[in-house]
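Have a look at the structure below, then the notes.
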Amino acid sequence: MSQSRHVPVMLQRCLDLLAPALERPGAVVVDCTLGLGGHSEALLERFPEVRLVALDRDKEALRLSGERLAPYGERATLVHAVYDELPEVLGRLGVPRVQGVLFDLGVSSMQLDEADRGFAYAQDAPLDMRMDQTTGISAAEVLNTYPPGELVRILRSYGEEKQARRIVAAIVREREKEPFTTSARLVELIRDALPQAAKRTGGNPAKRTFQALRIEVNGELAVLERAIPAAVKALAVDGRIAVLSYHSLEDRLVKQVFAAGAATTAPPGLPVVPERYQPRLKLLTRGAELPTEEEIAANRRAAPARLRAAQRIREDADD
């Protein structure tokens with residue numbers, strides 16, 4: 001078990017951004033991406049009165065973080081759920097509104113470190129990539145069964161892979177000889193398929209393809225599109241939300257939801273803007289905040305992180 005997995009990204013900044021909302025009596029905070037419980041533990045530690053609800057779709061993560069958070073007893077409620085199920089989870093728990101929400105959208109370090117899950121391109125493993133291994137289709141099934149056009153679309157839109165056509169042509173050729181089962185074969189195929197110039201830029205050449213497969217297998221962007229607005233809706237007035245994303249697709253989505261919430265919806269030209277058109281959110285970060293150089297040096301997984309936060313400043317007209 002590597003030490004690096006215990007370092008939650010931009011932890012101090014997340015806590016500081018959420019603090020004004022969580023220092024109130026009776027505050028409830030939701031950690032939508034529990035993982036190994038690093039952020040959750042820090043929230044319980046720093047805000048001794050707070051009650052935590054934490055979600056994860058990965059049963060192994062829930063088991064491990066359950067052990068870690070056991071000392072906090074009743075203050076922590078851990079739930080096996082995908083984060084777009086937040087409204088249902090809160091409904092079942094009888095919690096209509098919460099004071100804080102945190103999302104850390106990186107693949108849990110545990111999933112990258114556990115070789116047999118097939119998330120990492122640095123070691124050979126079965127091509128699975130499901131965060132919840134009890135449901136859904138694996139990365140191998142995607143590679144072996146999706147039509148070429150669909151694979152190109154996934155690599156382009158989720159991996160921002162410029163060489164998508166070349167890679168997919170090689171995948172289709174290879175899968176006819178023998179279906180894909182492990183990550184090493186895919187990594188080798190990508191290396192061989194890429195022109196020399198493309199291999200010289202930025203890290204492992206398989207990185208973008210693996211990201212794209214992971215997003216497709218776990219329906220991550222579709223889930224996020226539902227989850228961020230649902231989380232904003234769950235916030236009480238003066239509640240705060242902080243979101244850590246790790247690639248531009250996620251960050252763009254978060255930015256759009258926050259920007260829409262922080263804009264007035266009034267028709268142009270009104271001399272006085274009625275209450276119901278006023279913004280619902282106030283942005284707490286100027287654009288996306290980045291990790292410090294010191295943090296990146298200490299935890300290389302922090303490098304691509306982008307942090308955005310917002311505060312709920314009024315109810316929706318329809319709430």
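To be explicit about the labels: the chains of the structure tokens are called A, B, and onward in the order shown, and within each one the residues are counted from 1, while ligands get numbers from 1 in the order they are shown.
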
Non-local contacts of segment 141-153 of chain A (9 Å; only C-alpha atoms; under 6 positions in same chain excluded) as a list of chain:residue names |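 After dropping sequence-adjacent residues, the list is A:Leu127, A:Asp128, A:Glu161, A:Ala164, A:Arg165, A:Ile167, A:Val168, A:Ala169, A:Ile171, A:Val172, A:Arg175, A:Glu176, A:Pro179, A:Phe180, A:Thr181, A:Leu213, A:Glu216, A:Val217.
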
So which bits of segment 59-303 of chain A end up helix (DSSP H, G or I) when you DSSP the backbone, as number ranges by chain?
-> A: 59-75, 83-93, 109-113, 115-117, 139-145, 148-159, 164-177, 183-193, 196-199, 207-218, 220-234, 248-261, 275-277, 293-298, 300-302

Using DSSP on the backbone coordinates, identify the residues of segment 33-266 of chain A assigned to strand (DSSP E); present them as a list in words.
-> Arg51, Leu52, Val53, Ala54, Leu55, Asp56, Ala76, Thr77, Leu78, Val79, His80, Val98, Gln99, Gly100, Val101, Leu102, Phe103, Asp104, Leu235, Ala236, Val237, Asp238, Gly239, Arg240, Ile241, Ala242, Val243, Leu244 and Ser245 of chain A

Determine, for each residue of segment 175-230 of chain A having at least one atom at most 12 Å from an atom of segment 81-101 of chain A, the closest pair of atoms and their separation in Å to one decimal, counting only C-alpha atoms; order by chain and ascending number, as a tab-separated table.
```
residue	atom	partner	partner_atom	distance
A:Asn218	CA	A:Val82	CA	9.9
A:Gly219	CA	A:Val82	CA	10.4
A:Glu220	CA	A:Val82	CA	9.7
A:Leu221	CA	A:Asp84	CA	10.7
A:Ala222	CA	A:Asp84	CA	9.1
A:Val223	CA	A:Asp84	CA	5.6
A:Leu224	CA	A:Asp84	CA	6.8
A:Glu225	CA	A:Asp84	CA	8.3
A:Arg226	CA	A:Asp84	CA	5.7
A:Ala227	CA	A:Asp84	CA	4.1
A:Ile228	CA	A:Asp84	CA	7.8
A:Pro229	CA	A:Asp84	CA	9.2
A:Ala230	CA	A:Pro87	CA	6.7
```

Extract, using only C-alpha atoms, all DNA, RNA and protein residues at most 8 Å from segment 38-42 of chain A, discarding same-chain residues fewer than 2 positions from it, and format them as number ranges by chain.
-> A: 6-8, 11, 15, 31, 34-36, 44-46, 52, 54, 68-69
